[in-house]
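data-v6.txt follows; it contains compact mmCIF, C-alpha atoms.
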```txt
# COMPACT_ATOMS: atom_id res chain seq x y z
CA MET A 1 6.18 8.26 4.85
CA VAL A 2 4.93 7.54 8.34
CA ILE A 3 7.51 6.02 10.63
CA ILE A 4 7.78 5.63 14.35
CA ARG A 5 10.86 5.40 16.49
CA TYR A 6 11.31 2.00 18.04
CA ASN A 7 10.33 2.24 21.68
CA ASP A 8 13.34 1.27 23.81
CA ASN A 9 10.94 0.28 26.58
CA ASP A 10 9.32 -2.45 24.48
CA PRO A 11 10.36 -5.82 25.85
CA VAL A 12 12.84 -7.43 23.48
CA GLU A 13 13.04 -11.15 24.00
CA SER A 14 16.44 -12.69 23.55
CA SER A 15 15.03 -16.16 22.99
CA SER A 16 14.54 -17.62 19.54
CA ARG A 17 10.78 -16.95 19.81
CA HIS A 18 11.29 -13.23 19.09
CA HIS A 19 11.20 -12.65 15.34
CA GLU A 20 12.11 -9.46 13.56
CA HIS A 21 13.32 -8.29 10.19
CA TYR A 22 15.39 -5.29 9.12
CA SER A 23 14.86 -3.97 5.59
CA PRO A 24 17.71 -2.23 3.79
CA ASN A 25 16.88 1.19 2.38
CA ARG A 26 18.43 3.71 0.05
CA PRO A 27 17.49 7.13 -1.25
CA VAL A 28 15.32 7.21 -4.37
CA VAL A 29 15.76 10.46 -6.30
CA LYS A 30 13.03 11.85 -8.58
CA GLU A 31 13.74 14.75 -10.89
CA HIS A 32 10.11 15.95 -10.94
CA GLY A 33 7.34 15.99 -8.36
CA THR A 34 6.84 17.28 -4.86
CA THR A 35 9.10 14.76 -3.14
CA LYS A 36 12.59 14.92 -4.66
CA VAL A 37 14.16 12.26 -2.42
CA ARG A 38 12.34 9.48 -0.59
CA PRO A 39 13.58 6.33 1.08
CA GLY A 40 13.22 3.12 -0.89
CA PHE A 41 12.93 -0.17 1.00
CA GLU A 42 13.92 -3.58 -0.31
CA ALA A 43 11.75 -6.36 1.13
CA SER A 44 13.30 -8.88 -1.27
CA ALA A 45 16.83 -8.44 0.14
CA ARG A 46 18.11 -11.40 2.08
CA GLN A 47 21.07 -12.59 4.07
CA VAL A 48 22.86 -15.80 3.15
CA GLY A 49 20.96 -18.71 4.67
CA SER A 50 17.89 -16.64 5.55
CA PRO A 51 14.80 -15.85 3.51
CA SER A 52 13.81 -12.31 2.59
CA LEU A 53 10.71 -10.75 4.11
CA ASN A 54 8.89 -11.20 0.78
CA GLN A 55 9.78 -14.90 0.71
CA CYS A 56 8.04 -15.32 4.08
CA LEU A 57 4.79 -13.64 3.04
CA GLU A 58 1.80 -14.68 0.97
CA SER A 59 1.03 -12.30 -1.84
CA GLY A 60 -2.67 -13.05 -2.22
CA PRO A 61 -4.31 -13.64 -5.60
CA ASN A 62 -2.54 -12.63 -8.80
CA LEU A 63 -3.70 -9.08 -9.48
CA LEU A 64 -2.04 -9.02 -12.92
CA LYS A 65 -4.91 -11.12 -14.29
CA LEU A 66 -7.28 -8.39 -13.14
CA ILE A 67 -5.52 -5.63 -15.05
CA LEU A 68 -6.15 -7.28 -18.43
CA SER A 69 -9.90 -7.39 -17.83
CA LEU A 70 -9.85 -3.79 -16.56
CA LEU A 71 -8.02 -2.57 -19.64
CA LEU A 72 -10.45 -4.37 -21.93
CA ARG A 73 -13.45 -2.89 -20.06
CA PHE A 74 -11.85 0.58 -20.27
CA LYS A 75 -12.70 0.64 -23.97
CA GLU A 76 -16.18 -0.79 -23.38
CA HIS A 77 -17.89 2.63 -23.22
CA LYS A 78 -17.37 6.05 -24.78
CA TYR A 79 -15.85 7.98 -21.83
CA GLY A 80 -12.76 6.67 -20.03
CA ILE A 81 -12.30 7.38 -16.32
CA VAL A 82 -8.98 6.93 -14.53
CA ALA A 83 -8.40 7.84 -10.88
CA ASP A 84 -5.74 7.22 -8.27
CA ILE A 85 -5.93 7.01 -4.48
CA GLU A 86 -3.16 9.31 -3.33
CA THR A 87 -0.75 7.76 -0.80
CA ALA A 88 -3.02 4.72 -0.55
CA PHE A 89 -0.58 2.41 1.24
CA LEU A 90 0.27 5.04 3.84
CA ARG A 91 -3.41 5.19 4.83
CA ILE A 92 -3.35 1.63 6.19
CA SER A 93 -1.92 1.03 9.67
CA VAL A 94 0.19 -2.00 10.52
CA ARG A 95 -0.77 -3.76 13.74
CA PRO A 96 1.75 -2.93 16.49
CA GLU A 97 2.58 -6.62 16.98
CA ASP A 98 3.59 -6.90 13.29
CA ARG A 99 5.86 -3.83 13.20
CA ASP A 100 8.98 -5.76 14.28
CA TYR A 101 8.99 -7.28 10.79
CA LEU A 102 9.21 -3.79 9.32
CA LYS A 103 12.27 -2.45 11.14
CA PHE A 104 15.03 -0.48 9.50
CA PHE A 105 18.04 1.58 10.47
CA TRP A 106 17.81 5.33 9.94
CA TRP A 107 20.82 7.58 9.90
CA ASP A 108 20.18 11.31 9.87
CA GLY A 109 23.52 12.11 8.25
CA LYS A 110 25.33 13.39 11.32
CA GLU A 111 28.84 12.10 11.85
CA ASN A 112 29.61 9.97 14.91
CA VAL A 113 25.92 9.41 15.59
CA ALA A 114 24.64 5.85 15.64
CA PRO A 115 21.65 5.09 13.41
CA LYS A 116 18.25 4.84 15.03
CA ILE A 117 16.16 1.69 14.88
CA MET A 118 12.81 2.59 13.31
CA ARG A 119 9.66 0.63 12.51
CA HIS A 120 7.03 1.30 9.90
CA ALA A 121 3.59 2.05 11.30
CA ARG A 122 1.97 1.99 7.85
CA VAL A 123 1.88 -0.55 5.03
CA VAL A 124 5.11 -0.47 3.01
CA PHE A 125 4.77 -0.36 -0.77
CA ALA A 126 7.69 -2.75 -1.45
CA VAL A 127 6.29 -5.61 0.62
CA LYS A 128 4.85 -8.52 -1.38
CA GLY A 129 1.42 -8.60 0.30
CA SER A 130 0.81 -4.83 0.26
CA PRO A 131 -1.35 -4.76 -2.92
CA PHE A 132 -3.54 -7.54 -1.51
CA LEU A 133 -3.91 -5.69 1.82
CA LEU A 134 -4.93 -2.51 0.01
CA GLU A 135 -7.47 -4.42 -2.09
CA ALA A 136 -8.96 -6.02 1.03
CA VAL A 137 -9.21 -2.68 2.84
CA LEU A 138 -10.82 -1.02 -0.19
CA GLN A 139 -13.36 -3.82 -0.55
CA ARG A 140 -14.22 -3.72 3.15
CA HIS A 141 -14.76 0.03 3.25
CA LEU A 142 -16.59 0.24 -0.07
CA LYS A 143 -19.00 -2.53 0.97
CA LYS A 144 -19.49 -1.05 4.44
CA TYR A 145 -20.05 2.57 3.44
CA LEU A 146 -21.62 2.31 0.01
CA LYS A 147 -24.08 -0.49 0.74
CA ASN A 148 -26.77 1.81 2.18
CA SER A 149 -25.69 4.98 0.40
CA THR A 150 -27.54 7.25 -1.98
CA TYR A 151 -25.15 6.39 -4.82
CA SER A 152 -26.47 4.45 -7.78
CA LYS A 153 -26.02 0.69 -7.79
CA ARG A 154 -23.94 1.01 -10.95
CA THR A 155 -21.53 3.48 -9.32
CA VAL A 156 -21.12 1.21 -6.31
CA ASP A 157 -20.56 -1.79 -8.58
CA ILE A 158 -17.91 0.07 -10.57
CA LEU A 159 -16.07 1.10 -7.41
CA LEU A 160 -16.16 -2.46 -6.09
CA ARG A 161 -14.88 -4.10 -9.28
CA ARG A 162 -12.72 -1.63 -11.19
CA PHE A 163 -9.72 -0.95 -8.95
CA TYR A 164 -6.26 -2.25 -9.71
CA VAL A 165 -4.25 -1.68 -6.53
CA ASP A 166 -4.81 2.09 -5.99
CA ASP A 167 -5.95 2.90 -9.54
CA LEU A 168 -9.54 3.04 -10.75
CA ILE A 169 -9.92 2.19 -14.44
CA THR A 170 -13.39 2.27 -15.98
CA SER A 171 -15.56 3.86 -18.64
CA LEU A 172 -19.06 5.29 -18.86
CA ASP A 173 -21.69 5.53 -21.62
CA LYS A 174 -22.89 9.10 -21.31
CA GLU A 175 -21.24 12.43 -20.61
CA SER A 176 -24.04 13.18 -18.11
CA GLU A 177 -22.86 10.20 -15.97
CA ILE A 178 -19.34 11.54 -15.45
CA LEU A 179 -19.92 14.29 -12.84
CA PRO A 180 -22.27 12.22 -10.63
CA PHE A 181 -19.76 9.38 -10.76
CA ILE A 182 -16.85 11.64 -9.77
CA GLU A 183 -18.89 13.10 -6.89
```
Using structure tokens, write down the structure that the file contains.
Amino acid sequence: MVIIRYNDNDPVESSSRHHEHYSPNRPVVKEHGTTKVRPGFEASARQVGSPSLNQCLESGPNLLKLILSLLLRFKEHKYGIVADIETAFLRISVRPEDRDYLKFFWWDGKENVAPKIMRHARVVFAVKGSPFLLEAVLQRHLKKYLKNSTYSKRTVDILLRRFYVDDLITSLDKESEILPFIE
């Protein structure tokens, strides 16, 4: 996870025009994998009389409709291909002016030490609009970099249309197509 310490020199307005949000977090323990404990953030948590961060955000189009068509197309050809973009959300920066909505308290476990105020510098998985942001970033980069590339039109088309969040789900006709597609 990429986090930055809140800069105490940033001007903090005391007027009602300054908006911010603090997300609660807790440890998430995994038995297997490289990261045994990671922080989990809850963007749907709310205080009485105030909306949660997720209630204040648009989620973008319903991506669940997309998964059905992807799963049906997965069986369209003989060879199934599944891929995942590792740490996809952490590869997208949050604009500095939007980071006050992604604040949280961080306690390093030491007694008698006040928690630090931290802000996320990268897109947070638990936030409602994160899948849409990832989709938009993928589309932008795929269109920009693959448009004039040496890759086949079919490969480019598959990459543009067969992602569900950070997962690629597709299939190919021939075994000879697999390695060029992976490359």
- prompt: A:Thr150, A:Ser130, A:Ser50, A:Ser59: which is nearest Phe89 (chain A), counting only C-alpha atoms?
  reply: A:Ser130
query: Just how far from CA of Leu138 (chain A) is CA of Ala121 (chain A), in Å to one decimal?
result: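 If I compute the distance from CA of Ala121 (chain A) to CA of Leu138 (chain A), I get 18.7 Å.
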What box, with edges along x, y and z, holds each listed atom of region 36-47 of chain A when 6 Å is added on every side, and can you state its centre and edge lengths in Å to one decimal, as lines of an AutoDock Vina configuration file?
```
center_x = 16.4
center_y = 1.2
center_z = -0.3
size_x = 21.3
size_y = 39.5
size_z = 20.7
```
- request: Give as a ChimeraX atom specification every residue, naming chains and numbers as the document does, that has an atom within 9 Å of (15.2, 2.9, -1.1), counting all atoms listed in the file.
  value: /A:24-28,38-42
- prompt: A:Tyr164, A:His21, A:Tyr101, A:Leu72: which is nearest Asp84 (chain A), counting only C-alpha atoms?
  reply: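 Counting only C-alpha atoms, the residue closest to Asp84 (chain A) is A:Tyr164.
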Proximity to Phe74 (chain A) - best of A:Phe181, A:Met118, A:Arg162, A:Lys144, only C-alpha atoms: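 Selected residue with least distance to Phe74 (chain A): A:Arg162.
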query: Please, what distance in Å, to one decimal, runs between CA of Gly60 (chain A) and CA of Pro131 (chain A)?
result: 8.4 Å
Nearest to Val165 (chain A) by atom-to-atom distance, counting all atoms listed in the file, from A:Asp108, A:Glu76, A:Glu86, A:Asp100: A:Glu86
Among the residues A:Ala43, A:Leu160, A:Ala136, A:Ala114, the one that comes closest to Cys56 (chain A) [using all atoms listed in the file]: A:Ala43
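Minimum atom-to-atom distances from A:Asn62, A:Phe132, A:Leu102, A:Ala83 to Glu20 (chain A) were compared using only C-alpha atoms, and the lowest value belongs to A:Leu102.
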- prompt: What is the CA of Lys75 (chain A) to CA of Leu172 (chain A) distance in Å?
  reply: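 It comes out at 9.4 Å.
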